[in-house]
file target.cif (mmCIF, C-alpha atoms and all ligand atoms)
data_model
loop_
_atom_site.label_atom_id
_atom_site.label_comp_id
_atom_site.auth_asym_id
_atom_site.auth_seq_id
_atom_site.Cartn_x
_atom_site.Cartn_y
_atom_site.Cartn_z
CA MET A 1 120.28 38.05 -172.81
CA MET A 2 120.91 41.37 -171.10
CA ASN A 3 118.13 40.64 -168.64
CA ASP A 4 120.45 38.06 -167.20
CA PHE A 5 122.67 40.73 -165.86
CA MET A 6 120.18 43.33 -164.69
CA GLU A 7 119.45 43.41 -161.04
CA ASN A 8 118.33 45.87 -158.40
CA GLY A 9 121.48 45.70 -156.31
CA ILE A 10 124.44 48.02 -156.54
CA PHE A 11 126.58 45.69 -158.61
CA LYS A 12 125.61 45.05 -162.16
CA ILE A 13 127.59 42.35 -163.87
CA SER A 14 128.68 44.90 -166.46
CA GLU A 15 130.19 47.04 -163.69
CA CYS A 16 131.87 44.36 -161.60
CA ARG A 17 135.62 43.97 -161.41
CA LYS A 18 135.43 40.46 -160.02
CA ILE A 19 132.71 38.06 -160.99
CA ALA A 20 132.41 34.32 -160.60
CA VAL A 21 130.63 31.84 -162.80
CA MET A 22 129.24 28.83 -161.00
CA GLY A 23 128.92 26.24 -163.75
CA GLY A 24 127.18 22.93 -163.28
CA THR A 25 124.35 20.70 -164.36
CA PHE A 26 122.54 21.42 -161.07
CA ASN A 27 120.51 18.26 -161.34
CA PRO A 28 119.32 19.31 -158.81
CA ILE A 29 121.07 22.24 -157.14
CA HIS A 30 121.73 21.61 -153.42
CA TYR A 31 123.27 23.24 -150.35
CA GLY A 32 126.75 21.97 -151.32
CA HIS A 33 126.65 24.14 -154.45
CA LEU A 34 125.35 27.16 -152.53
CA VAL A 35 127.91 26.87 -149.75
CA ALA A 36 130.70 26.42 -152.33
CA ALA A 37 129.66 29.52 -154.26
CA GLU A 38 129.40 31.59 -151.09
CA ALA A 39 132.78 30.34 -149.84
CA VAL A 40 134.51 31.25 -153.10
CA ARG A 41 132.78 34.64 -153.13
CA ALA A 42 134.08 35.42 -149.66
CA GLU A 43 137.55 33.96 -150.28
CA PHE A 44 138.23 35.93 -153.48
CA GLY A 45 136.23 39.09 -152.81
CA ILE A 46 133.83 38.37 -155.67
CA GLU A 47 131.13 40.96 -156.33
CA ARG A 48 128.59 38.74 -158.13
CA VAL A 49 128.28 35.00 -158.58
CA LEU A 50 126.49 33.99 -161.75
CA PHE A 51 125.06 30.47 -161.67
CA ILE A 52 124.96 29.05 -165.18
CA PRO A 53 123.13 25.72 -165.48
CA THR A 54 124.55 23.75 -168.41
CA GLY A 55 122.49 22.95 -171.45
CA ARG A 56 121.42 19.31 -171.53
CA PRO A 57 124.86 17.76 -171.19
CA PRO A 58 125.37 14.89 -173.65
CA HIS A 59 127.62 13.00 -171.22
CA LYS A 60 124.78 12.93 -168.73
CA ALA A 61 122.32 11.11 -170.92
CA LEU A 62 122.54 8.03 -168.74
CA SER A 63 121.10 9.39 -165.59
CA VAL A 64 117.91 11.30 -165.38
CA VAL A 65 118.68 14.87 -166.26
CA ALA A 66 115.75 17.09 -165.49
CA PRO A 67 114.76 19.24 -168.45
CA ASP A 68 116.77 22.44 -168.87
CA GLU A 69 113.90 24.67 -167.85
CA GLN A 70 113.34 22.79 -164.61
CA ARG A 71 117.02 22.85 -163.65
CA TYR A 72 117.07 26.56 -164.41
CA LEU A 73 113.98 27.22 -162.29
CA MET A 74 115.32 25.19 -159.38
CA THR A 75 118.55 27.22 -159.56
CA VAL A 76 116.54 30.45 -159.47
CA LEU A 77 114.56 29.23 -156.46
CA ALA A 78 117.73 28.16 -154.63
CA THR A 79 119.65 31.39 -155.20
CA ALA A 80 116.83 33.92 -154.81
CA ALA A 81 117.64 34.83 -151.22
CA ASN A 82 121.31 35.69 -151.74
CA PRO A 83 121.80 39.27 -153.02
CA TYR A 84 125.18 38.32 -154.51
CA PHE A 85 123.80 35.48 -156.63
CA ASP A 86 122.30 35.61 -160.13
CA VAL A 87 121.28 32.91 -162.59
CA SER A 88 121.90 32.97 -166.31
CA ARG A 89 119.99 31.17 -169.07
CA MET A 90 122.96 31.61 -171.37
CA GLU A 91 123.86 27.93 -171.73
CA ILE A 92 120.39 26.46 -171.72
CA ASP A 93 119.31 28.92 -174.42
CA ARG A 94 122.34 28.24 -176.60
CA LYS A 95 121.71 25.72 -179.36
CA GLY A 96 123.84 22.60 -179.57
CA THR A 97 126.44 21.39 -177.10
CA THR A 98 127.44 24.06 -174.62
CA TYR A 99 131.12 24.75 -174.23
CA THR A 100 132.63 26.82 -171.44
CA ILE A 101 134.76 28.73 -173.95
CA ASP A 102 131.60 30.10 -175.61
CA THR A 103 130.19 31.07 -172.21
CA LEU A 104 133.34 32.95 -171.24
CA ARG A 105 133.41 34.74 -174.60
CA GLU A 106 129.79 35.78 -174.21
CA LEU A 107 130.52 37.01 -170.71
CA LYS A 108 133.61 38.95 -171.78
CA LYS A 109 131.45 40.93 -174.19
CA ILE A 110 129.29 42.12 -171.29
CA CYS A 111 131.95 42.66 -168.63
CA ARG A 112 134.34 45.55 -168.14
CA PRO A 113 137.56 44.94 -170.06
CA ASP A 114 139.52 44.75 -166.79
CA ALA A 115 137.04 42.41 -165.07
CA GLN A 116 138.45 39.24 -163.58
CA ILE A 117 136.35 36.15 -164.10
CA TYR A 118 136.49 33.14 -161.76
CA PHE A 119 135.00 29.88 -163.00
CA ILE A 120 133.88 27.62 -160.15
CA THR A 121 133.00 24.01 -160.59
CA GLY A 122 133.52 20.51 -159.19
CA ALA A 123 137.15 19.32 -159.09
CA ASP A 124 136.42 16.23 -161.19
CA ALA A 125 134.96 18.33 -163.96
CA VAL A 126 137.62 21.02 -163.88
CA ASN A 127 140.46 18.49 -163.80
CA GLU A 128 139.38 17.34 -167.22
CA ILE A 129 139.74 20.84 -168.56
CA PHE A 130 142.41 19.79 -171.03
CA THR A 131 139.72 17.82 -172.88
CA TRP A 132 137.43 20.84 -173.11
CA ARG A 133 137.10 22.83 -176.29
CA GLU A 134 139.95 25.35 -176.77
CA ALA A 135 141.43 24.29 -173.44
CA ASP A 136 144.58 26.38 -173.96
CA LYS A 137 142.56 29.61 -174.19
CA LEU A 138 140.28 28.85 -171.24
CA LEU A 139 142.97 29.32 -168.63
CA ASP A 140 143.83 32.75 -170.04
CA MET A 141 140.24 33.87 -169.90
CA ALA A 142 139.36 32.92 -166.33
CA ASN A 143 140.73 31.79 -163.00
CA PHE A 144 139.49 28.27 -162.43
CA VAL A 145 138.39 27.33 -158.93
CA ALA A 146 137.90 23.62 -158.31
CA VAL A 147 135.77 22.89 -155.29
CA THR A 148 136.28 19.47 -153.73
CA ARG A 149 134.35 17.19 -151.46
CA PRO A 150 135.81 16.13 -148.11
CA GLY A 151 137.95 13.04 -148.58
CA TYR A 152 138.61 13.91 -152.22
CA ASP A 153 141.71 12.11 -153.45
CA LYS A 154 144.15 15.03 -153.61
CA LYS A 155 146.46 13.06 -155.90
CA ARG A 156 143.89 13.54 -158.62
CA LEU A 157 144.37 17.29 -158.51
CA GLU A 158 146.46 18.46 -161.43
CA LYS A 159 149.40 20.61 -160.46
CA ASN A 160 148.28 23.70 -162.23
CA ASN A 161 149.33 27.14 -161.08
CA SER A 162 146.38 28.89 -162.64
CA MET A 163 143.92 26.70 -160.80
CA TYR A 164 142.64 27.20 -157.25
CA TYR A 165 141.36 24.38 -155.08
CA LEU A 166 139.02 24.76 -152.15
CA GLU A 167 137.66 21.97 -149.98
CA ILE A 168 134.00 22.46 -149.16
CA PRO A 169 132.70 20.12 -146.45
CA ALA A 170 129.09 20.78 -147.48
CA LEU A 171 129.86 19.16 -150.83
CA ALA A 172 129.45 15.84 -149.06
CA ILE A 173 125.95 16.44 -150.42
CA SER A 174 125.69 15.33 -154.05
CA SER A 175 123.07 15.59 -156.75
CA THR A 176 123.46 11.88 -157.50
CA ASP A 177 122.66 10.99 -153.91
CA ILE A 178 119.63 13.28 -153.92
CA ARG A 179 118.30 11.66 -157.12
CA ASP A 180 118.88 8.18 -155.66
CA ARG A 181 117.07 9.18 -152.50
CA VAL A 182 114.07 10.49 -154.43
CA LYS A 183 113.95 7.28 -156.43
CA ALA A 184 114.10 5.17 -153.28
CA GLY A 185 111.40 7.29 -151.62
CA LYS A 186 113.84 8.55 -148.96
CA THR A 187 113.82 12.02 -147.47
CA ILE A 188 115.88 14.81 -149.06
CA LYS A 189 114.99 17.36 -146.42
CA TYR A 190 117.85 19.70 -145.35
CA LEU A 191 120.04 18.64 -148.28
CA LEU A 192 118.71 21.40 -150.47
CA PRO A 193 116.51 24.49 -150.08
CA GLU A 194 112.93 23.71 -149.17
CA SER A 195 111.64 25.52 -152.27
CA VAL A 196 113.70 23.17 -154.48
CA GLU A 197 112.53 20.14 -152.53
CA GLU A 198 108.92 21.24 -153.02
CA TYR A 199 109.55 21.77 -156.74
CA ILE A 200 110.97 18.25 -157.10
CA ILE A 201 107.96 16.77 -155.33
CA LYS A 202 105.44 18.90 -157.23
CA PHE A 203 106.81 17.87 -160.64
CA GLY A 204 107.68 14.30 -159.64
CA LEU A 205 111.30 14.69 -160.76
CA TYR A 206 113.86 11.86 -160.54
CA LYS A 207 111.38 9.07 -159.93
CA ASN A 208 112.07 7.03 -163.07
CA ASP A 209 115.45 6.27 -164.48
CA VAL A 210 115.18 3.67 -167.25
CA ALA A 211 118.70 4.02 -168.69
CA GLY A 212 120.16 4.27 -165.19
CA GLU A 213 118.29 1.08 -164.27
CA LEU A 214 119.82 -0.77 -167.24
CA VAL A 215 123.29 0.43 -166.27
CA ARG A 216 122.73 -0.61 -162.68
CA LYS A 217 121.71 -4.12 -163.78
CA ILE A 218 124.69 -4.45 -166.13
CA LYS A 219 127.08 -3.29 -163.41
CA GLU A 220 125.59 -5.65 -160.86
CA ARG A 221 126.11 -8.62 -163.15
CA LEU A 222 129.58 -7.59 -164.32
CA SER A 223 130.78 -7.08 -160.77
CA SER A 224 129.96 -10.72 -160.06
CA VAL A 225 131.48 -12.25 -163.22
CA LEU A 226 134.62 -10.13 -163.62
CA THR A 227 137.69 -10.06 -161.41
CA ASN A 228 137.98 -6.94 -159.30
CA LYS A 229 140.83 -5.61 -161.44
CA ARG A 230 138.87 -6.16 -164.64
CA TYR A 231 135.79 -4.54 -163.16
CA ILE A 232 137.79 -1.41 -162.29
CA HIS A 233 139.16 -1.36 -165.85
CA THR A 234 135.62 -1.83 -167.19
CA LEU A 235 134.20 1.14 -165.27
CA SER A 236 137.13 3.28 -166.31
CA THR A 237 136.72 2.27 -169.97
CA ALA A 238 133.02 3.15 -169.83
CA ARG A 239 133.80 6.59 -168.39
CA GLU A 240 136.54 7.19 -170.95
CA ALA A 241 134.19 6.07 -173.74
CA ALA A 242 131.51 8.52 -172.58
CA LYS A 243 134.13 11.26 -172.46
CA LEU A 244 135.27 10.56 -176.02
CA ALA A 245 131.65 10.32 -177.15
CA ASN A 246 131.04 13.73 -175.65
CA ILE A 247 133.99 15.20 -177.52
CA PHE A 248 133.02 13.67 -180.87
CA GLY A 249 129.25 14.16 -180.68
CA GLU A 250 128.46 10.44 -180.30
CA ASP A 251 125.66 9.12 -178.09
CA THR A 252 127.25 9.03 -174.63
CA SER A 253 124.76 6.53 -173.21
CA LYS A 254 125.57 4.05 -175.94
CA ALA A 255 129.29 4.63 -175.49
CA TYR A 256 129.01 4.14 -171.73
CA ILE A 257 127.04 0.90 -172.11
CA ALA A 258 129.37 -0.46 -174.82
CA GLY A 259 132.34 0.46 -172.61
CA LEU A 260 130.79 -1.42 -169.70
CA LEU A 261 130.18 -4.51 -171.81
CA HIS A 262 133.37 -4.60 -173.86
CA ASP A 263 135.04 -7.25 -171.65
CA CYS A 264 131.87 -9.02 -170.47
CA ALA A 265 133.20 -12.39 -171.72
CA LYS A 266 136.84 -11.80 -170.89
CA ASP A 267 136.95 -13.69 -167.59
CA PHE A 268 135.13 -16.78 -168.87
CA SER A 269 137.23 -19.95 -168.64
CA HIS A 270 138.48 -21.37 -171.93
CA LYS A 271 135.99 -24.23 -171.64
CA LEU A 272 133.09 -21.85 -171.11
CA ARG A 273 134.17 -19.67 -174.03
CA ILE A 274 134.19 -22.66 -176.39
CA GLU A 275 130.81 -23.85 -175.12
CA LYS A 276 129.28 -20.41 -175.54
CA CYS A 277 130.77 -19.97 -179.02
CA LYS A 278 128.96 -23.17 -180.00
CA GLU A 279 125.77 -21.97 -178.37
CA TYR A 280 125.87 -18.61 -180.16
CA ASN A 281 127.21 -19.96 -183.49
CA ILE A 282 130.45 -18.04 -183.38
CA TYR A 283 132.85 -19.33 -186.00
CA LEU A 284 136.36 -19.86 -184.69
CA ASP A 285 138.80 -19.09 -187.49
CA GLU A 286 142.42 -20.27 -187.42
CA VAL A 287 143.69 -17.19 -185.58
CA LEU A 288 140.98 -17.42 -182.92
CA LYS A 289 141.74 -21.11 -182.41
CA LYS A 290 145.45 -20.40 -181.92
CA GLN A 291 144.90 -17.23 -179.88
CA PRO A 292 141.81 -17.94 -177.80
CA ASP A 293 142.18 -14.69 -175.89
CA LEU A 294 140.87 -12.89 -178.96
CA ILE A 295 137.63 -14.86 -178.71
CA HIS A 296 136.39 -12.73 -175.84
CA SER A 297 135.49 -9.76 -177.97
CA PHE A 298 133.57 -11.74 -180.61
CA LEU A 299 131.87 -13.74 -177.89
CA GLY A 300 131.31 -10.54 -175.89
CA GLY A 301 129.10 -9.19 -178.68
CA ALA A 302 126.87 -12.29 -178.46
CA VAL A 303 126.85 -12.35 -174.66
CA ALA A 304 125.88 -8.67 -174.60
CA GLU A 305 123.00 -9.47 -176.93
CA PHE A 306 121.66 -12.69 -175.46
CA GLU A 307 122.58 -12.41 -171.81
CA TYR A 308 122.45 -8.67 -171.18
CA GLY A 309 119.53 -8.02 -173.51
CA ILE A 310 121.22 -5.37 -175.66
CA ASN A 311 119.66 -5.09 -179.10
CA ASP A 312 121.44 -2.05 -180.43
CA ARG A 313 123.60 -3.26 -183.34
CA GLU A 314 126.11 -0.44 -182.95
CA ILE A 315 126.78 -1.29 -179.32
CA LEU A 316 127.08 -5.00 -180.12
CA ASP A 317 129.55 -4.34 -182.96
CA ALA A 318 131.59 -1.99 -180.79
CA VAL A 319 131.98 -4.82 -178.27
CA LYS A 320 132.65 -7.40 -181.00
CA TYR A 321 135.44 -5.47 -182.74
CA HIS A 322 137.06 -3.80 -179.74
CA THR A 323 140.16 -6.02 -179.86
CA THR A 324 140.82 -6.59 -183.56
CA GLY A 325 139.30 -3.46 -185.02
CA ARG A 326 138.24 -3.64 -188.67
CA SER A 327 138.28 -1.37 -191.66
CA ASN A 328 135.85 1.54 -191.82
CA MET A 329 134.77 1.32 -188.17
CA THR A 330 131.82 3.30 -186.88
CA LYS A 331 132.58 6.20 -184.56
CA LEU A 332 131.34 4.14 -181.61
CA GLU A 333 133.58 1.19 -182.54
CA LYS A 334 136.63 3.48 -182.64
CA ILE A 335 135.65 5.06 -179.33
CA ILE A 336 135.41 1.70 -177.53
CA TYR A 337 138.58 0.38 -179.13
CA LEU A 338 140.50 3.49 -178.01
CA ALA A 339 138.83 3.95 -174.60
CA ASP A 340 139.90 0.41 -173.73
CA LEU A 341 143.51 1.36 -174.49
CA ILE A 342 143.76 4.79 -172.94
CA GLU A 343 141.50 4.59 -169.87
CA PRO A 344 143.39 6.05 -166.89
CA GLU A 345 143.44 2.82 -164.85
CA ARG A 346 145.46 1.00 -167.52
CA ARG A 347 149.15 0.69 -166.86
CA GLU A 348 151.19 3.02 -169.09
CA PHE A 349 152.57 1.32 -172.22
CA ASP A 350 154.92 2.49 -174.91
CA GLY A 351 153.12 5.00 -177.13
CA MET A 352 150.09 5.38 -174.83
CA LYS A 353 150.53 9.15 -174.45
CA GLU A 354 150.61 9.69 -178.21
CA ILE A 355 147.49 7.57 -178.70
CA LYS A 356 145.72 9.42 -175.89
CA ASN A 357 146.58 12.83 -177.32
CA ALA A 358 145.46 11.74 -180.77
CA ALA A 359 142.23 10.20 -179.42
CA TYR A 360 141.03 13.56 -178.14
CA SER A 361 141.36 15.22 -181.53
CA ASP A 362 141.43 12.66 -184.35
CA LEU A 363 139.94 9.18 -183.88
CA ASP A 364 141.24 7.85 -187.21
CA TYR A 365 144.80 8.89 -186.50
CA ALA A 366 144.54 7.42 -182.99
CA MET A 367 143.32 4.16 -184.56
CA LEU A 368 146.30 4.11 -186.90
CA LEU A 369 148.73 4.64 -184.02
CA SER A 370 147.08 1.94 -181.90
CA LEU A 371 146.91 -0.63 -184.68
CA GLU A 372 150.51 0.05 -185.60
CA GLY A 373 151.57 -0.52 -181.97
CA THR A 374 149.39 -3.62 -181.49
CA ILE A 375 150.65 -5.26 -184.67
CA ARG A 376 154.28 -4.47 -183.80
CA VAL A 377 154.05 -5.75 -180.20
CA ASN A 378 152.18 -8.92 -181.16
CA ARG A 379 154.66 -9.71 -183.92
CA GLU A 380 157.53 -9.23 -181.46
CA ARG A 381 155.81 -11.70 -179.14
CA GLY A 382 155.41 -14.20 -181.96
CA ARG A 383 151.63 -13.99 -182.01
CA LEU A 384 149.43 -14.20 -185.07
CA ILE A 385 147.78 -11.00 -186.20
CA HIS A 386 144.10 -11.26 -186.92
CA PRO A 387 143.29 -10.47 -190.59
CA LEU A 388 140.75 -7.89 -189.43
CA SER A 389 143.53 -5.93 -187.69
CA ILE A 390 145.71 -5.99 -190.82
CA GLU A 391 142.72 -4.87 -192.86
CA ALA A 392 142.04 -2.09 -190.32
CA TYR A 393 145.67 -0.98 -190.29
CA ASN A 394 145.80 -0.74 -194.10
CA TYR A 395 142.50 1.11 -194.10
CA TYR A 396 143.57 3.76 -191.57
CA LYS A 397 147.01 4.07 -193.14
CA SER A 398 145.47 4.93 -196.48
CA LYS A 399 143.12 7.55 -194.99
P1 LIG B 1 129.79 16.95 -163.58
O1 LIG B 1 130.57 15.97 -164.38
O2 LIG B 1 128.32 16.74 -163.45
O3 LIG B 1 130.30 17.10 -162.13
C1 LIG B 1 131.45 16.44 -161.68
C2 LIG B 1 131.46 16.58 -160.18
O4 LIG B 1 131.53 17.96 -159.82
C3 LIG B 1 130.20 16.04 -159.51
O5 LIG B 1 130.61 15.42 -158.33
C4 LIG B 1 129.37 17.28 -159.24
O6 LIG B 1 128.58 17.15 -158.05
C5 LIG B 1 130.42 18.32 -159.01
N1 LIG B 1 129.97 19.65 -159.48
C6 LIG B 1 129.51 20.00 -160.70
N2 LIG B 1 129.30 21.33 -160.75
C7 LIG B 1 129.62 21.80 -159.52
C8 LIG B 1 129.63 23.07 -158.95
N3 LIG B 1 129.31 24.16 -159.67
N4 LIG B 1 130.02 23.22 -157.66
C9 LIG B 1 130.37 22.16 -156.93
N5 LIG B 1 130.40 20.89 -157.41
C10 LIG B 1 130.04 20.73 -158.69
O7 LIG B 1 130.06 18.39 -164.15
P2 LIG B 1 129.09 19.23 -165.03
O8 LIG B 1 128.04 19.76 -164.11
O9 LIG B 1 128.67 18.48 -166.24
O10 LIG B 1 130.05 20.40 -165.53
C11 LIG B 1 130.60 21.32 -164.66
C12 LIG B 1 130.95 22.57 -165.46
O11 LIG B 1 132.02 22.30 -166.36
C13 LIG B 1 129.79 23.08 -166.30
O12 LIG B 1 129.79 24.48 -166.29
C14 LIG B 1 130.11 22.57 -167.68
O13 LIG B 1 129.57 23.37 -168.72
C15 LIG B 1 131.63 22.66 -167.68
N6 LIG B 1 132.17 21.70 -168.66
C16 LIG B 1 132.61 22.21 -169.83
C17 LIG B 1 133.07 21.37 -170.83
C18 LIG B 1 133.55 21.96 -172.13
O14 LIG B 1 133.60 23.17 -172.27
N7 LIG B 1 133.90 21.15 -173.08
C19 LIG B 1 133.09 19.98 -170.60
C20 LIG B 1 132.63 19.49 -169.37
C21 LIG B 1 132.16 20.37 -168.39
P3 LIG B 1 126.99 17.34 -158.13
O15 LIG B 1 126.51 16.23 -159.02
O16 LIG B 1 126.54 17.21 -156.72
O17 LIG B 1 126.77 18.69 -158.75
#
call {"tool": "encode", "arguments": {"input": "target.cif", "output": "structure tokens"}}
result
Amino acid sequence: MMNDFMENGIFKISECRKIAVMGGTFNPIHYGHLVAAEAVRAEFGIERVLFIPTGRPPHKALSVVAPDEQRYLMTVLATAANPYFDVSRMEIDRKGTTYTIDTLRELKKICRPDAQIYFITGADAVNEIFTWREADKLLDMANFVAVTRPGYDKKRLEKNNSMYYLEIPALAISSTDIRDRVKAGKTIKYLLPESVEEYIIKFGLYKNDVAGELVRKIKERLSSVLTNKRYIHTLSTAREAAKLANIFGEDTSKAYIAGLLHDCAKDFSHKLRIEKCKEYNIYLDEVLKKQPDLIHSFLGGAVAEFEYGINDREILDAVKYHTTGRSNMTKLEKIIYLADLIEPERREFDGMKEIKNAAYSDLDYAMLLSLEGTIRVNRERGRLIHPLSIEAYNYYKSK
């Protein structure tokens, strides 16, 4: 690992008083990243900027993520000409999920005890820092610099004194756009260093995106069958589900897809719901007959299977049980149930904060809190409680 920090210049990482870590997936690295790193270096008087490409990030499984080695090599190519820039293999060589806390600890071992570390990354990523592992310690270990794109919604920036924000116009360039352009056969010239462009062409990166294609098709269909409000909620639930999946080591692609599909039958008319229940042999018990709104999740499971072509049982069950819950739910079922409740677009309800806090650390406890609240509110409104929810409540209460 020491090779990471050896260079011919005057400043060795181990001797620097001020170093910056530029953390990102770099899929691929582009001029926006380079300009951002250089701007932060100049702004804070940083002696070295260490680019650290993430290990294969689980929450990125949906889009094409170039293999670790290729992202690393593209980062080396892109940074080679700047004497202040280095690249580290630290995260891609680390086994398992890579957490920033581990990276900072590893770095602290190498740096002078009085060295100040700046951690630079995209504002969207850094604003979720409270969901990162050992979030409370992170802010003590480094100064976080969130770099934003022009037009970035400033309201989304957390008011955090230990965080710096810097708008970087060049970040109008995005890795997603570059990947989309490659896929569509469009030019990517002048968006990223020529050497990186040549590398992408040579190795044919970003041409195929099977999971991304499925997501695109699902989104296209949902956007035409759901109301605008529901569609926004759907996208937010999918993102929240992927976030929870990332925290709890669940498959983020599956969580994202299940999140997208959870309300796929919600905006069907009552007539259509009944027709489709007949078509897909969905038994309407007494509670479903009296509270037809509950039908959408059971029907959603079948619609996801027969109309969206999903054949993964776990995804289908997560859609099916996202409203009632049931006892002994799979991790994915709990994630979808909770993501639906706590996604940031949902209007705040009594107890939401507690459920949200619990969801990031203990899914079973978050389930208990949610079921408790749902049962209480529905009773107050004179609604019937589905037996599956009672069963689920008793199950999580006894855990
Ligand atoms: P991301 O979700 O891919 O990126 C979110 C946004 O930030 C994207 O618009 C992205 O644009 C931009 N971005 C990412 N890195 C950037 C950078 N260095 N400079 C400027 N813009 C950047 O984020 P990510 O790449 O996975 O993660 C960013 C960093 O946060 C990584 O170092 C990662 O390890 C760390 N992280 C840690 C934890 C944890 O410890 N639990 C969790 C999440 C993230 P582009 O697509 O154009 O790059």
call {"tool": "residues_near_ligand", "arguments": {"input": "target.cif", "ligand": "ligand LIG 1 (chain B)", "cutoff": "6 Å", "atoms": "all atoms listed in the file", "output": "PyMOL selection string"}}
result
chain A and resi 22-26+33+54+99-101+120-125+132-133+147+174-176
call {"tool": "closest_residue", "arguments": {"input": "target.cif", "among": "A:Val40, A:Tyr199, A:Ala170, A:Lys12", "to": "Leu77 of chain A", "atoms": "all atoms listed in the file"}}
result
A:Tyr199
call {"tool": "closest_residue", "arguments": {"input": "target.cif", "among": "A:Asp136, A:Asp350, A:Leu384, A:Gly325", "to": "Glu286 of chain A", "atoms": "only C-alpha atoms"}}
result
A:Leu384
call {"tool": "closest_residue", "arguments": {"input": "target.cif", "among": "A:Arg239, A:Arg221, A:Arg48, A:Arg71", "to": "Tyr84 of chain A", "atoms": "only C-alpha atoms"}}
result
A:Arg48
call {"tool": "closest_residue", "arguments": {"input": "target.cif", "among": "A:Glu380, A:Lys278, A:Met367, A:Arg273", "to": "Asn394 of chain A", "atoms": "all atoms listed in the file"}}
result
A:Met367
call {"tool": "closest_residue", "arguments": {"input": "target.cif", "among": "A:Lys154, A:Lys271, A:Lys243, A:Arg381", "to": "Ala359 of chain A", "atoms": "only C-alpha atoms"}}
result
A:Lys243
call {"tool": "residues_around", "arguments": {"input": "target.cif", "residues": "Ile200 of chain A", "least_positions_apart": "6", "cutoff": "9 Å", "atoms": "all atoms listed in the file", "output": "list in words"}}
result
Pro28, Met74, Val182 and Tyr206 of chain A
call {"tool": "closest_residue", "arguments": {"input": "target.cif", "among": "A:Val145, A:Leu244, A:Ala184, A:Ile274", "to": "Lys331 of chain A", "atoms": "only C-alpha atoms"}}
result
A:Leu244
call {"tool": "residues_around", "arguments": {"input": "target.cif", "residues": "segment 306-320 of chain A", "least_positions_apart": "6", "cutoff": "8 Å", "atoms": "only C-alpha atoms", "output": "number ranges by chain"}}
result
A: 218, 254-255, 257-259, 261-263, 297-300, 330, 332-334, 336-337
call {"tool": "atom_distance", "arguments": {"input": "target.cif", "atom1": "atom CA of Pro344 of chain A", "atom2": "atom CA of Leu371 of chain A"}}
result
19.3 Å
call {"tool": "atom_distance", "arguments": {"input": "target.cif", "atom1": "atom CA of Phe119 of chain A", "atom2": "atom CA of Gln70 of chain A"}}
result
22.8 Å
call {"tool": "atom_distance", "arguments": {"input": "target.cif", "atom1": "atom CA of Glu348 of chain A", "atom2": "atom CA of Ile232 of chain A"}}
result
15.7 Å
call {"tool": "residues_around", "arguments": {"input": "target.cif", "residues": "Leu191 of chain A", "least_positions_apart": "2", "cutoff": "8 Å", "atoms": "only C-alpha atoms", "output": "mmCIF file with C-alpha atoms, keeping the file's coordinate frame"}}
result
data_model
loop_
_atom_site.group_PDB
_atom_site.id
_atom_site.type_symbol
_atom_site.label_atom_id
_atom_site.label_comp_id
_atom_site.auth_asym_id
_atom_site.auth_seq_id
_atom_site.Cartn_x
_atom_site.Cartn_y
_atom_site.Cartn_z
ATOM 1 C CA HIS A 30 121.730 21.610 -153.420
ATOM 2 C CA TYR A 31 123.270 23.240 -150.350
ATOM 3 C CA ILE A 173 125.950 16.440 -150.420
ATOM 4 C CA ILE A 178 119.630 13.280 -153.920
ATOM 5 C CA ILE A 188 115.880 14.810 -149.060
ATOM 6 C CA LYS A 189 114.990 17.360 -146.420
ATOM 7 C CA PRO A 193 116.510 24.490 -150.080
#
call {"tool": "decode", "arguments": {"input": "target.cif", "residues": "segment 292-300 of chain A", "atoms": "N, CA and C atoms", "output": "PDB file, in the first residue's frame"}}
result
ATOM      1  N   PRO A 292     -60.718  -2.068  -0.541  1.00  0.00           N
ATOM      2  CA  PRO A 292     -60.111  -2.384  -1.847  1.00  0.00           C
ATOM      3  C   PRO A 292     -58.760  -1.704  -2.101  1.00  0.00           C
ATOM      4  N   ASP A 293     -58.462  -0.673  -1.316  1.00  0.00           N
ATOM      5  CA  ASP A 293     -57.166  -0.029  -1.541  1.00  0.00           C
ATOM      6  C   ASP A 293     -56.007  -0.998  -1.275  1.00  0.00           C
ATOM      7  N   LEU A 294     -56.271  -1.936  -0.339  1.00  0.00           N
ATOM      8  CA  LEU A 294     -55.207  -2.899  -0.011  1.00  0.00           C
ATOM      9  C   LEU A 294     -54.899  -3.861  -1.166  1.00  0.00           C
ATOM     10  N   ILE A 295     -55.858  -3.948  -2.089  1.00  0.00           N
ATOM     11  CA  ILE A 295     -55.683  -4.899  -3.207  1.00  0.00           C
ATOM     12  C   ILE A 295     -54.424  -4.577  -4.010  1.00  0.00           C
ATOM     13  N   HIS A 296     -54.088  -3.280  -4.080  1.00  0.00           N
ATOM     14  CA  HIS A 296     -53.037  -2.895  -5.028  1.00  0.00           C
ATOM     15  C   HIS A 296     -51.699  -3.592  -4.792  1.00  0.00           C
ATOM     16  N   SER A 297     -51.422  -3.933  -3.535  1.00  0.00           N
ATOM     17  CA  SER A 297     -50.111  -4.552  -3.339  1.00  0.00           C
ATOM     18  C   SER A 297     -50.127  -6.033  -3.755  1.00  0.00           C
ATOM     19  N   PHE A 298     -51.229  -6.725  -3.447  1.00  0.00           N
ATOM     20  CA  PHE A 298     -51.326  -8.136  -3.876  1.00  0.00           C
ATOM     21  C   PHE A 298     -51.371  -8.214  -5.400  1.00  0.00           C
ATOM     22  N   LEU A 299     -52.181  -7.318  -5.975  1.00  0.00           N
ATOM     23  CA  LEU A 299     -52.284  -7.283  -7.432  1.00  0.00           C
ATOM     24  C   LEU A 299     -50.951  -6.836  -8.046  1.00  0.00           C
ATOM     25  N   GLY A 300     -50.274  -5.905  -7.364  1.00  0.00           N
ATOM     26  CA  GLY A 300     -48.993  -5.388  -7.860  1.00  0.00           C
ATOM     27  C   GLY A 300     -47.989  -6.513  -8.089  1.00  0.00           C
TER      28      GLY A 300
END
